[in-house]
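Structure below is work_1.txt: compact mmCIF, N, CA and C atoms.
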```txt
# COMPACT_ATOMS: atom_id res chain seq x y z
N MET A 1 18.75 102.52 24.60
CA MET A 1 18.56 103.17 23.32
C MET A 1 17.23 102.75 22.70
N THR A 2 16.37 102.06 23.42
CA THR A 2 15.11 101.58 22.86
C THR A 2 14.10 102.70 22.69
N ILE A 3 13.47 102.72 21.53
CA ILE A 3 12.38 103.65 21.25
C ILE A 3 11.09 102.85 21.28
N THR A 4 10.13 103.29 22.08
CA THR A 4 8.81 102.68 22.08
C THR A 4 7.96 103.45 21.09
N ARG A 5 7.51 102.75 20.06
CA ARG A 5 6.74 103.39 18.99
C ARG A 5 5.83 102.37 18.34
N ASP A 6 4.57 102.73 18.18
CA ASP A 6 3.65 101.86 17.47
C ASP A 6 3.88 101.99 15.97
N LEU A 7 3.76 100.86 15.27
CA LEU A 7 3.87 100.83 13.82
C LEU A 7 2.55 100.36 13.23
N TYR A 8 2.26 100.82 12.03
CA TYR A 8 1.00 100.50 11.36
C TYR A 8 1.26 99.91 9.99
N ALA A 9 0.50 98.88 9.65
CA ALA A 9 0.60 98.22 8.35
C ALA A 9 -0.81 97.88 7.89
N ALA A 10 -0.93 97.47 6.63
CA ALA A 10 -2.22 97.03 6.08
C ALA A 10 -2.03 95.65 5.47
N ARG A 11 -3.04 94.82 5.58
CA ARG A 11 -2.96 93.45 5.05
C ARG A 11 -2.77 93.41 3.53
N ASN A 12 -3.16 94.48 2.85
CA ASN A 12 -3.12 94.47 1.39
C ASN A 12 -1.93 95.23 0.80
N LEU A 13 -0.96 95.59 1.62
CA LEU A 13 0.23 96.32 1.16
C LEU A 13 1.49 95.76 1.80
N ASP A 14 2.59 95.80 1.06
CA ASP A 14 3.87 95.46 1.68
C ASP A 14 4.17 96.48 2.78
N PHE A 15 4.80 96.02 3.84
CA PHE A 15 5.22 96.87 4.94
C PHE A 15 6.70 97.18 4.74
N ALA A 16 7.05 98.45 4.55
CA ALA A 16 8.44 98.81 4.30
C ALA A 16 8.72 100.24 4.76
N PRO A 17 8.65 100.49 6.06
CA PRO A 17 8.91 101.84 6.56
C PRO A 17 10.41 102.13 6.61
N VAL A 18 10.74 103.39 6.71
CA VAL A 18 12.11 103.82 6.96
C VAL A 18 12.09 104.44 8.36
N LEU A 19 12.83 103.84 9.28
CA LEU A 19 12.88 104.31 10.66
C LEU A 19 14.26 104.90 10.92
N GLU A 20 14.30 106.04 11.59
CA GLU A 20 15.58 106.70 11.88
C GLU A 20 15.72 106.93 13.38
N LEU A 21 16.92 106.67 13.87
CA LEU A 21 17.24 106.86 15.27
C LEU A 21 18.47 107.76 15.34
N ASP A 22 18.33 108.94 15.90
CA ASP A 22 19.45 109.85 16.08
C ASP A 22 20.11 109.55 17.43
N TYR A 23 21.44 109.49 17.44
CA TYR A 23 22.15 109.22 18.69
C TYR A 23 23.45 110.02 18.73
N SER A 24 23.94 110.22 19.94
CA SER A 24 25.20 110.93 20.11
C SER A 24 26.30 109.92 20.44
N GLY A 25 27.53 110.36 20.29
CA GLY A 25 28.64 109.48 20.61
C GLY A 25 29.30 108.92 19.38
N ALA A 26 30.16 107.95 19.63
CA ALA A 26 30.93 107.35 18.54
C ALA A 26 30.03 106.52 17.63
N GLU A 27 30.49 106.33 16.42
CA GLU A 27 29.79 105.49 15.44
C GLU A 27 29.65 104.08 16.00
N LEU A 28 28.48 103.48 15.80
CA LEU A 28 28.24 102.11 16.27
C LEU A 28 29.14 101.13 15.52
N PRO A 29 29.59 100.06 16.18
CA PRO A 29 30.44 99.06 15.53
C PRO A 29 29.59 98.11 14.67
N LEU A 30 29.27 98.52 13.47
CA LEU A 30 28.32 97.77 12.64
C LEU A 30 28.95 96.75 11.71
N THR A 31 30.26 96.69 11.62
CA THR A 31 30.89 95.67 10.78
C THR A 31 30.52 94.29 11.31
N GLY A 32 29.90 93.49 10.49
CA GLY A 32 29.48 92.15 10.88
C GLY A 32 28.18 92.10 11.67
N ALA A 33 27.55 93.25 11.88
CA ALA A 33 26.30 93.30 12.63
C ALA A 33 25.11 92.93 11.74
N THR A 34 24.01 92.51 12.37
CA THR A 34 22.77 92.22 11.66
C THR A 34 21.61 92.87 12.42
N ALA A 35 20.53 93.13 11.70
CA ALA A 35 19.32 93.66 12.33
C ALA A 35 18.16 92.75 11.95
N SER A 36 17.22 92.61 12.86
CA SER A 36 16.06 91.75 12.60
C SER A 36 14.81 92.35 13.23
N MET A 37 13.67 91.97 12.68
CA MET A 37 12.37 92.40 13.21
C MET A 37 11.50 91.16 13.39
N GLN A 38 10.82 91.09 14.52
CA GLN A 38 9.85 90.03 14.76
C GLN A 38 8.52 90.63 15.17
N VAL A 39 7.44 90.03 14.67
CA VAL A 39 6.08 90.40 15.07
C VAL A 39 5.49 89.17 15.75
N ARG A 40 4.98 89.39 16.96
CA ARG A 40 4.39 88.29 17.73
C ARG A 40 2.99 88.69 18.21
N LEU A 41 2.22 87.71 18.60
CA LEU A 41 0.87 87.97 19.08
C LEU A 41 0.89 88.88 20.31
N TYR A 42 1.85 88.66 21.17
CA TYR A 42 2.04 89.50 22.36
C TYR A 42 3.52 89.44 22.73
N ALA A 43 3.97 90.40 23.51
CA ALA A 43 5.38 90.44 23.91
C ALA A 43 5.74 89.16 24.65
N GLY A 44 6.82 88.54 24.24
CA GLY A 44 7.28 87.32 24.89
C GLY A 44 6.54 86.07 24.47
N ALA A 45 5.68 86.14 23.45
CA ALA A 45 4.95 84.96 22.99
C ALA A 45 5.93 83.86 22.58
N PRO A 46 5.66 82.62 23.01
CA PRO A 46 6.59 81.53 22.68
C PRO A 46 6.49 81.11 21.21
N ASP A 47 7.41 80.25 20.83
CA ASP A 47 7.44 79.66 19.49
C ASP A 47 7.86 80.69 18.43
N ALA A 48 7.68 80.32 17.20
CA ALA A 48 8.13 81.16 16.08
C ALA A 48 7.29 82.44 16.01
N PRO A 49 7.90 83.54 15.55
CA PRO A 49 7.13 84.78 15.38
C PRO A 49 6.09 84.61 14.27
N LEU A 50 5.05 85.43 14.30
CA LEU A 50 4.02 85.40 13.26
C LEU A 50 4.55 85.94 11.94
N ALA A 51 5.44 86.92 12.02
CA ALA A 51 6.09 87.50 10.84
C ALA A 51 7.46 87.97 11.26
N GLU A 52 8.40 87.97 10.32
CA GLU A 52 9.73 88.45 10.66
C GLU A 52 10.52 88.84 9.42
N ASP A 53 11.49 89.70 9.64
CA ASP A 53 12.50 90.05 8.65
C ASP A 53 13.82 89.80 9.35
N VAL A 54 14.52 88.74 8.96
CA VAL A 54 15.75 88.36 9.64
C VAL A 54 16.97 89.09 9.07
N ASP A 55 16.77 89.84 8.00
CA ASP A 55 17.88 90.56 7.36
C ASP A 55 17.45 91.99 7.05
N VAL A 56 17.17 92.76 8.09
CA VAL A 56 16.73 94.14 7.93
C VAL A 56 17.88 94.99 7.39
N THR A 57 17.59 95.79 6.39
CA THR A 57 18.57 96.71 5.84
C THR A 57 18.78 97.86 6.83
N PHE A 58 20.05 98.23 7.07
CA PHE A 58 20.33 99.34 7.98
C PHE A 58 21.60 100.06 7.54
N SER A 59 21.71 101.32 7.96
CA SER A 59 22.92 102.10 7.67
C SER A 59 23.11 103.12 8.79
N ASP A 60 24.33 103.61 8.90
CA ASP A 60 24.68 104.59 9.92
C ASP A 60 25.43 105.72 9.23
N ALA A 61 25.06 106.96 9.53
CA ALA A 61 25.69 108.11 8.86
C ALA A 61 25.68 109.31 9.79
N PRO A 62 26.54 110.30 9.50
CA PRO A 62 26.48 111.54 10.26
C PRO A 62 25.10 112.19 10.10
N HIS A 63 24.62 112.82 11.15
CA HIS A 63 23.34 113.53 11.11
C HIS A 63 23.42 114.65 10.07
N GLU A 64 22.31 114.92 9.40
CA GLU A 64 22.31 115.90 8.31
C GLU A 64 22.58 117.33 8.77
N THR A 65 22.14 117.69 9.98
CA THR A 65 22.27 119.09 10.41
C THR A 65 23.03 119.28 11.71
N ASP A 66 23.16 118.24 12.53
CA ASP A 66 23.82 118.37 13.83
C ASP A 66 25.08 117.52 13.86
N PRO A 67 26.26 118.14 13.83
CA PRO A 67 27.50 117.36 13.79
C PRO A 67 27.77 116.55 15.06
N ALA A 68 27.03 116.81 16.13
CA ALA A 68 27.21 116.05 17.37
C ALA A 68 26.42 114.74 17.36
N LEU A 69 25.60 114.54 16.33
CA LEU A 69 24.75 113.35 16.26
C LEU A 69 25.08 112.48 15.06
N ARG A 70 24.63 111.24 15.15
CA ARG A 70 24.65 110.29 14.03
C ARG A 70 23.22 109.77 13.85
N THR A 71 22.92 109.22 12.69
CA THR A 71 21.59 108.69 12.41
C THR A 71 21.71 107.23 11.96
N LEU A 72 21.05 106.36 12.70
CA LEU A 72 20.93 104.95 12.31
C LEU A 72 19.61 104.81 11.58
N THR A 73 19.66 104.36 10.34
CA THR A 73 18.46 104.17 9.53
C THR A 73 18.22 102.68 9.38
N VAL A 74 16.97 102.26 9.65
CA VAL A 74 16.59 100.85 9.62
C VAL A 74 15.37 100.72 8.71
N GLU A 75 15.39 99.70 7.82
CA GLU A 75 14.32 99.54 6.84
C GLU A 75 13.79 98.11 6.83
N PRO A 76 12.94 97.76 7.81
CA PRO A 76 12.37 96.42 7.83
C PRO A 76 11.34 96.23 6.71
N LYS A 77 11.17 94.99 6.28
CA LYS A 77 10.20 94.69 5.22
C LYS A 77 9.44 93.41 5.56
N ILE A 78 8.13 93.46 5.37
CA ILE A 78 7.29 92.27 5.48
C ILE A 78 6.34 92.32 4.28
N VAL A 79 6.32 91.27 3.49
CA VAL A 79 5.50 91.27 2.27
C VAL A 79 4.02 91.10 2.61
N LYS A 80 3.17 91.61 1.71
CA LYS A 80 1.73 91.61 1.98
C LYS A 80 1.15 90.21 2.13
N ALA A 81 1.72 89.22 1.45
CA ALA A 81 1.21 87.85 1.60
C ALA A 81 1.36 87.37 3.04
N THR A 82 2.48 87.72 3.67
CA THR A 82 2.69 87.36 5.08
C THR A 82 1.71 88.11 5.97
N LEU A 83 1.53 89.39 5.71
CA LEU A 83 0.59 90.20 6.52
C LEU A 83 -0.84 89.69 6.36
N ALA A 84 -1.23 89.36 5.14
CA ALA A 84 -2.59 88.88 4.90
C ALA A 84 -2.87 87.57 5.62
N ALA A 85 -1.82 86.78 5.86
CA ALA A 85 -1.98 85.47 6.51
C ALA A 85 -1.96 85.54 8.04
N LEU A 86 -1.67 86.70 8.62
CA LEU A 86 -1.66 86.80 10.09
C LEU A 86 -3.06 86.55 10.64
N PRO A 87 -3.15 85.91 11.80
CA PRO A 87 -4.46 85.65 12.38
C PRO A 87 -5.20 86.95 12.68
N THR A 88 -6.51 86.91 12.58
CA THR A 88 -7.30 88.11 12.84
C THR A 88 -8.36 87.83 13.89
N GLY A 89 -8.79 88.88 14.56
CA GLY A 89 -9.87 88.76 15.54
C GLY A 89 -9.45 88.32 16.91
N LEU A 90 -8.17 88.05 17.12
CA LEU A 90 -7.73 87.52 18.41
C LEU A 90 -7.82 88.53 19.53
N ASN A 91 -7.70 89.81 19.21
CA ASN A 91 -7.84 90.84 20.24
C ASN A 91 -9.21 91.50 20.17
N LYS A 92 -10.13 90.83 19.50
CA LYS A 92 -11.55 91.21 19.42
C LYS A 92 -11.77 92.64 18.92
N PRO A 93 -11.18 92.98 17.77
CA PRO A 93 -11.44 94.32 17.24
C PRO A 93 -12.85 94.40 16.66
N GLU A 94 -13.38 95.60 16.60
CA GLU A 94 -14.65 95.81 15.91
C GLU A 94 -14.42 95.60 14.42
N VAL A 95 -15.49 95.37 13.68
CA VAL A 95 -15.38 95.19 12.23
C VAL A 95 -14.67 96.39 11.63
N GLY A 96 -13.64 96.13 10.84
CA GLY A 96 -12.89 97.19 10.18
C GLY A 96 -11.75 97.77 11.00
N GLU A 97 -11.66 97.43 12.28
CA GLU A 97 -10.57 97.93 13.12
C GLU A 97 -9.32 97.07 12.95
N ALA A 98 -8.21 97.62 13.37
CA ALA A 98 -6.93 96.95 13.24
C ALA A 98 -6.77 95.83 14.27
N ASP A 99 -6.04 94.79 13.87
CA ASP A 99 -5.58 93.78 14.82
C ASP A 99 -4.29 94.28 15.43
N ARG A 100 -4.07 93.98 16.72
CA ARG A 100 -2.87 94.46 17.41
C ARG A 100 -1.96 93.29 17.75
N TYR A 101 -0.70 93.47 17.42
CA TYR A 101 0.36 92.53 17.75
C TYR A 101 1.48 93.33 18.43
N GLU A 102 2.58 92.69 18.73
CA GLU A 102 3.75 93.37 19.29
C GLU A 102 4.95 93.09 18.39
N TYR A 103 5.87 94.05 18.30
CA TYR A 103 7.06 93.86 17.48
C TYR A 103 8.29 94.31 18.25
N GLU A 104 9.44 93.83 17.77
CA GLU A 104 10.74 94.28 18.24
C GLU A 104 11.68 94.34 17.04
N ILE A 105 12.54 95.34 17.03
CA ILE A 105 13.62 95.42 16.06
C ILE A 105 14.91 95.43 16.87
N LYS A 106 15.77 94.43 16.62
CA LYS A 106 17.02 94.27 17.37
C LYS A 106 18.21 94.40 16.43
N LEU A 107 19.28 94.94 16.99
CA LEU A 107 20.56 95.01 16.31
C LEU A 107 21.49 94.06 17.05
N THR A 108 22.08 93.12 16.31
CA THR A 108 23.00 92.15 16.90
C THR A 108 24.39 92.42 16.35
N TYR A 109 25.33 92.73 17.23
CA TYR A 109 26.70 93.05 16.84
C TYR A 109 27.49 91.76 16.58
N SER A 110 28.64 91.91 15.97
CA SER A 110 29.45 90.73 15.62
C SER A 110 29.87 89.93 16.85
N ASP A 111 29.94 90.56 18.02
CA ASP A 111 30.29 89.85 19.25
C ASP A 111 29.07 89.24 19.95
N GLU A 112 27.91 89.26 19.25
CA GLU A 112 26.63 88.70 19.73
C GLU A 112 25.91 89.58 20.75
N ALA A 113 26.49 90.71 21.16
CA ALA A 113 25.78 91.65 22.02
C ALA A 113 24.61 92.21 21.20
N GLN A 114 23.52 92.59 21.88
CA GLN A 114 22.34 93.08 21.19
C GLN A 114 21.85 94.40 21.77
N ASP A 115 21.28 95.22 20.91
CA ASP A 115 20.54 96.42 21.32
C ASP A 115 19.12 96.27 20.79
N LEU A 116 18.15 96.50 21.66
CA LEU A 116 16.76 96.56 21.25
C LEU A 116 16.52 97.99 20.79
N LEU A 117 16.30 98.18 19.49
CA LEU A 117 16.18 99.52 18.93
C LEU A 117 14.77 100.08 19.03
N TRP A 118 13.78 99.31 18.56
CA TRP A 118 12.38 99.73 18.59
C TRP A 118 11.54 98.58 19.11
N ALA A 119 10.46 98.94 19.80
CA ALA A 119 9.49 97.96 20.28
C ALA A 119 8.16 98.67 20.46
N GLY A 120 7.08 97.92 20.34
CA GLY A 120 5.77 98.51 20.56
C GLY A 120 4.67 97.72 19.90
N GLY A 121 3.52 98.38 19.75
CA GLY A 121 2.39 97.76 19.10
C GLY A 121 2.57 97.74 17.60
N PHE A 122 2.13 96.67 16.98
CA PHE A 122 2.13 96.54 15.52
C PHE A 122 0.67 96.39 15.12
N TYR A 123 0.11 97.45 14.58
CA TYR A 123 -1.31 97.49 14.23
C TYR A 123 -1.48 97.13 12.76
N LEU A 124 -2.29 96.12 12.51
CA LEU A 124 -2.51 95.64 11.15
C LEU A 124 -3.94 95.97 10.73
N GLU A 125 -4.04 96.95 9.84
CA GLU A 125 -5.35 97.38 9.32
C GLU A 125 -5.82 96.36 8.28
N PRO A 126 -7.14 96.22 8.14
CA PRO A 126 -7.64 95.26 7.16
C PRO A 126 -7.35 95.65 5.71
N GLY A 127 -7.21 96.95 5.43
CA GLY A 127 -7.00 97.39 4.05
C GLY A 127 -8.33 97.45 3.34
N VAL A 128 -8.37 98.22 2.28
CA VAL A 128 -9.61 98.39 1.53
C VAL A 128 -9.65 97.50 0.31
N ASP A 129 -8.55 97.48 -0.43
CA ASP A 129 -8.45 96.71 -1.67
C ASP A 129 -7.99 95.31 -1.35
N ARG A 130 -8.77 94.30 -1.62
CA ARG A 130 -8.42 92.92 -1.29
C ARG A 130 -7.63 92.23 -2.39
N THR A 131 -7.21 92.95 -3.44
CA THR A 131 -6.46 92.31 -4.52
C THR A 131 -4.98 92.43 -4.32
```

The structure given in the file should be rewritten as structure tokens.
Amino acid sequence: MTITRDLYAARNLDFAPVLELDYSGAELPLTGATASMQVRLYAGAPDAPLAEDVDVTFSDAPHETDPALRTLTVEPKIVKATLAALPTGLNKPEVGEADRYEYEIKLTYSDEAQDLLWAGGFYLEPGVDRT
């Protein structure tokens, strides 16, 4: 069920996208489940993530137009202070270009089983306004 998708953020703004995943079948067993997001320098990087949301807001509902589908909505958040503090220049971007990291969003069920929902590049733009 993993979606590969690049995400974009700016150092001078909070990161708070709304991501939706449409799926077929029975409703996911979300009672007691948690969702989390980690941003790392590269996939599989050791030690603590550079940024994370360990309590991602999520919900599951019937699809708006297709009764055969359901929609899982996930809303990760990373505050701008955390984004501004991420290391820069490590992937040698040109001046004004984005720094590239990797992210994963996982859903952990009450029985500790996990689904990797989204993964891909996390591009951090420098932003224009430094305040």

To box stretch 16-29 of chain A, take all atoms listed in the file, fit an axis-aligned box, add 5 Å on each side, and give centre and edge lengths in Å to one decimal, as JSON.
```
{"center_x": 19.0, "center_y": 104.5, "center_z": 12.5, "size_x": 33.9, "size_y": 22.8, "size_z": 26.3}
```

Hey, can you check how far atom CA of A:Glu27 sits from atom N of A:Ala68?
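Going from atom CA of A:Glu27 over to atom N of A:Ala68, I get 11.7 Å.
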
To one decimal place in Å, what is the distance between atom CA of A:Thr2 and atom C of A:Val54?
18.7 Å

Can you work out which one of A:Pro62, A:Pro76, A:Gly120, A:Pro17 has the shortest atom-to-atom distance to A:Ala35, counting only N, CA and C atoms?
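Of A:Pro62, A:Pro76, A:Gly120, A:Pro17, the one nearest A:Ala35, counting only N, CA and C atoms, is A:Pro76.
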
Where in stretch 6-131 of chain A does DSSP assign alpha helix (DSSP H), given as a PDB file with N, CA and C atoms, in the coordinates of the input?
```
ATOM      1  N   LYS A  80       3.170  91.610   1.710  1.00  0.00           N
ATOM      2  CA  LYS A  80       1.730  91.610   1.980  1.00  0.00           C
ATOM      3  C   LYS A  80       1.150  90.210   2.130  1.00  0.00           C
ATOM      4  N   ALA A  81       1.720  89.220   1.450  1.00  0.00           N
ATOM      5  CA  ALA A  81       1.210  87.850   1.600  1.00  0.00           C
ATOM      6  C   ALA A  81       1.360  87.370   3.040  1.00  0.00           C
ATOM      7  N   THR A  82       2.480  87.720   3.670  1.00  0.00           N
ATOM      8  CA  THR A  82       2.690  87.360   5.080  1.00  0.00           C
ATOM      9  C   THR A  82       1.710  88.110   5.970  1.00  0.00           C
ATOM     10  N   LEU A  83       1.530  89.390   5.710  1.00  0.00           N
ATOM     11  CA  LEU A  83       0.590  90.200   6.520  1.00  0.00           C
ATOM     12  C   LEU A  83      -0.840  89.690   6.360  1.00  0.00           C
ATOM     13  N   ALA A  84      -1.230  89.360   5.140  1.00  0.00           N
ATOM     14  CA  ALA A  84      -2.590  88.880   4.900  1.00  0.00           C
ATOM     15  C   ALA A  84      -2.870  87.570   5.620  1.00  0.00           C
TER      16      ALA A  84
END
```

Test item: residues at most 7 Å from stretch 19-21 of chain A, only N, CA and C atoms, excluding those fewer than 5 positions along its chain, as a list in words:
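The neighbour list is Arg70, Thr71, Leu72, Thr73, Val74, Glu75 and Pro76 of chain A.
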
Of the residues A:Val56, A:Ala10, A:Val95, A:Leu50, which is the one nearest to A:Thr108, using only C-alpha atoms?
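That would be A:Val56, the residue with the smallest distance to A:Thr108.
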
So, counting all atoms listed in the file, which residue among A:Ala98, A:Leu117, A:Leu124, A:Leu41 is closest to A:Met1?
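Closest to A:Met1 of all the choices is A:Leu117.
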
Shortest interatomic distance to A:Pro126 - which of A:Glu97, A:Asp55, A:Gly89, A:Gln38, counting all atoms listed in the file:
A:Glu97

Between atom N of A:Leu7 and atom N of A:Tyr101, what is the distance in Å, rounded to a tenth?
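Going from atom N of A:Leu7 over to atom N of A:Tyr101, I get 8.9 Å.
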
Using all atoms listed in the file, I'd like a table of the residues in stretch 6-44 of chain A that come within 8 Å of stretch 83-86 of chain A; for each, show the closest atom pair and its distance in Å rounded to one decimal, ordered by chain and ascending number, as a Markdown table.
```
| residue | atom | partner | partner_atom | distance |
| --- | --- | --- | --- | --- |
| A:Ala9 | C | A:Leu83 | CA | 7.9 |
| A:Ala10 | C | A:Leu83 | CA | 6.1 |
| A:Arg11 | CA | A:Ala84 | N | 4.4 |
| A:Asn12 | N | A:Ala84 | N | 5.9 |
| A:Leu13 | N | A:Ala84 | N | 7.2 |
| A:Asp14 | CA | A:Leu83 | N | 7.7 |
| A:Phe15 | N | A:Leu83 | N | 7.6 |
```

Please identify all polymer residues within 6 Å of A:Ile105, counting only C-alpha atoms, omitting same-chain residues fewer than 6 positions from it, and present them as a list in words.
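So the residues in contact are Ser36, Met37, Leu117 and Trp118 of chain A.
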
Which parts of stretch 6-129 of chain A does DSSP call strand (DSSP E) when run on the backbone here, written out as a compact mmCIF listing (two decimals) with N, CA and C atoms, keeping the file's coordinate frame?
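Below is the file out-v7.txt, written as the result:
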```
# COMPACT_ATOMS: atom_id res chain seq x y z
N LEU A 7 3.76 100.86 15.27
CA LEU A 7 3.87 100.83 13.82
C LEU A 7 2.55 100.36 13.23
N TYR A 8 2.26 100.82 12.03
CA TYR A 8 1.00 100.50 11.36
C TYR A 8 1.26 99.91 9.99
N ALA A 9 0.50 98.88 9.65
CA ALA A 9 0.60 98.22 8.35
C ALA A 9 -0.81 97.88 7.89
N ALA A 10 -0.93 97.47 6.63
CA ALA A 10 -2.22 97.03 6.08
C ALA A 10 -2.03 95.65 5.47
N LEU A 19 12.83 103.84 9.28
CA LEU A 19 12.88 104.31 10.66
C LEU A 19 14.26 104.90 10.92
N GLU A 20 14.30 106.04 11.59
CA GLU A 20 15.58 106.70 11.88
C GLU A 20 15.72 106.93 13.38
N LEU A 21 16.92 106.67 13.87
CA LEU A 21 17.24 106.86 15.27
C LEU A 21 18.47 107.76 15.34
N ASP A 22 18.33 108.94 15.90
CA ASP A 22 19.45 109.85 16.08
C ASP A 22 20.11 109.55 17.43
N TYR A 23 21.44 109.49 17.44
CA TYR A 23 22.15 109.22 18.69
C TYR A 23 23.45 110.02 18.73
N SER A 24 23.94 110.22 19.94
CA SER A 24 25.20 110.93 20.11
C SER A 24 26.30 109.92 20.44
N THR A 34 24.01 92.51 12.37
CA THR A 34 22.77 92.22 11.66
C THR A 34 21.61 92.87 12.42
N ALA A 35 20.53 93.13 11.70
CA ALA A 35 19.32 93.66 12.33
C ALA A 35 18.16 92.75 11.95
N SER A 36 17.22 92.61 12.86
CA SER A 36 16.06 91.75 12.60
C SER A 36 14.81 92.35 13.23
N MET A 37 13.67 91.97 12.68
CA MET A 37 12.37 92.40 13.21
C MET A 37 11.50 91.16 13.39
N GLN A 38 10.82 91.09 14.52
CA GLN A 38 9.85 90.03 14.76
C GLN A 38 8.52 90.63 15.17
N VAL A 39 7.44 90.03 14.67
CA VAL A 39 6.08 90.40 15.07
C VAL A 39 5.49 89.17 15.75
N ARG A 40 4.98 89.39 16.96
CA ARG A 40 4.39 88.29 17.73
C ARG A 40 2.99 88.69 18.21
N ALA A 51 5.44 86.92 12.02
CA ALA A 51 6.09 87.50 10.84
C ALA A 51 7.46 87.97 11.26
N GLU A 52 8.40 87.97 10.32
CA GLU A 52 9.73 88.45 10.66
C GLU A 52 10.52 88.84 9.42
N ASP A 53 11.49 89.70 9.64
CA ASP A 53 12.50 90.05 8.65
C ASP A 53 13.82 89.80 9.35
N THR A 57 17.59 95.79 6.39
CA THR A 57 18.57 96.71 5.84
C THR A 57 18.78 97.86 6.83
N PHE A 58 20.05 98.23 7.07
CA PHE A 58 20.33 99.34 7.98
C PHE A 58 21.60 100.06 7.54
N SER A 59 21.71 101.32 7.96
CA SER A 59 22.92 102.10 7.67
C SER A 59 23.11 103.12 8.79
N ASP A 60 24.33 103.61 8.90
CA ASP A 60 24.68 104.59 9.92
C ASP A 60 25.43 105.72 9.23
N ALA A 61 25.06 106.96 9.53
CA ALA A 61 25.69 108.11 8.86
C ALA A 61 25.68 109.31 9.79
N PRO A 62 26.54 110.30 9.50
CA PRO A 62 26.48 111.54 10.26
C PRO A 62 25.10 112.19 10.10
N LEU A 69 25.60 114.54 16.33
CA LEU A 69 24.75 113.35 16.26
C LEU A 69 25.08 112.48 15.06
N ARG A 70 24.63 111.24 15.15
CA ARG A 70 24.65 110.29 14.03
C ARG A 70 23.22 109.77 13.85
N THR A 71 22.92 109.22 12.69
CA THR A 71 21.59 108.69 12.41
C THR A 71 21.71 107.23 11.96
N LEU A 72 21.05 106.36 12.70
CA LEU A 72 20.93 104.95 12.31
C LEU A 72 19.61 104.81 11.58
N THR A 73 19.66 104.36 10.34
CA THR A 73 18.46 104.17 9.53
C THR A 73 18.22 102.68 9.38
N VAL A 74 16.97 102.26 9.65
CA VAL A 74 16.59 100.85 9.62
C VAL A 74 15.37 100.72 8.71
N GLU A 75 15.39 99.70 7.82
CA GLU A 75 14.32 99.54 6.84
C GLU A 75 13.79 98.11 6.83
N ASP A 99 -6.04 94.79 13.87
CA ASP A 99 -5.58 93.78 14.82
C ASP A 99 -4.29 94.28 15.43
N ARG A 100 -4.07 93.98 16.72
CA ARG A 100 -2.87 94.46 17.41
C ARG A 100 -1.96 93.29 17.75
N TYR A 101 -0.70 93.47 17.42
CA TYR A 101 0.36 92.53 17.75
C TYR A 101 1.48 93.33 18.43
N GLU A 102 2.58 92.69 18.73
CA GLU A 102 3.75 93.37 19.29
C GLU A 102 4.95 93.09 18.39
N TYR A 103 5.87 94.05 18.30
CA TYR A 103 7.06 93.86 17.48
C TYR A 103 8.29 94.31 18.25
N GLU A 104 9.44 93.83 17.77
CA GLU A 104 10.74 94.28 18.24
C GLU A 104 11.68 94.34 17.04
N ILE A 105 12.54 95.34 17.03
CA ILE A 105 13.62 95.42 16.06
C ILE A 105 14.91 95.43 16.87
N LYS A 106 15.77 94.43 16.62
CA LYS A 106 17.02 94.27 17.37
C LYS A 106 18.21 94.40 16.43
N LEU A 107 19.28 94.94 16.99
CA LEU A 107 20.56 95.01 16.31
C LEU A 107 21.49 94.06 17.05
N THR A 108 22.08 93.12 16.31
CA THR A 108 23.00 92.15 16.90
C THR A 108 24.39 92.42 16.35
N GLN A 114 23.52 92.59 21.88
CA GLN A 114 22.34 93.08 21.19
C GLN A 114 21.85 94.40 21.77
N ASP A 115 21.28 95.22 20.91
CA ASP A 115 20.54 96.42 21.32
C ASP A 115 19.12 96.27 20.79
N LEU A 116 18.15 96.50 21.66
CA LEU A 116 16.76 96.56 21.25
C LEU A 116 16.52 97.99 20.79
N LEU A 117 16.30 98.18 19.49
CA LEU A 117 16.18 99.52 18.93
C LEU A 117 14.77 100.08 19.03
N TRP A 118 13.78 99.31 18.56
CA TRP A 118 12.38 99.73 18.59
C TRP A 118 11.54 98.58 19.11
N ALA A 119 10.46 98.94 19.80
CA ALA A 119 9.49 97.96 20.28
C ALA A 119 8.16 98.67 20.46
N GLY A 120 7.08 97.92 20.34
CA GLY A 120 5.77 98.51 20.56
C GLY A 120 4.67 97.72 19.90
N GLY A 121 3.52 98.38 19.75
CA GLY A 121 2.39 97.76 19.10
C GLY A 121 2.57 97.74 17.60
N PHE A 122 2.13 96.67 16.98
CA PHE A 122 2.13 96.54 15.52
C PHE A 122 0.67 96.39 15.12
N TYR A 123 0.11 97.45 14.58
CA TYR A 123 -1.31 97.49 14.23
C TYR A 123 -1.48 97.13 12.76
N LEU A 124 -2.29 96.12 12.51
CA LEU A 124 -2.51 95.64 11.15
C LEU A 124 -3.94 95.97 10.73
N GLU A 125 -4.04 96.95 9.84
CA GLU A 125 -5.35 97.38 9.32
C GLU A 125 -5.82 96.36 8.28
```

For A:Ala33, find every residue with an atom within 8 Å (counting only N, CA and C atoms), except residues of its own chain fewer than 4 positions away, and show them as a count of residues only.
7

Which of A:Val39, A:Ala61, A:Ala48, A:Ile78 sits closest to A:Arg100 [using only C-alpha atoms]:
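Using only C-alpha atoms, the shortest distance to A:Arg100 belongs to A:Val39.
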
Which of A:Ala45, A:Ser24, A:Tyr123, A:Leu116 sits closest to A:Pro67 [using all atoms listed in the file]
A:Ser24
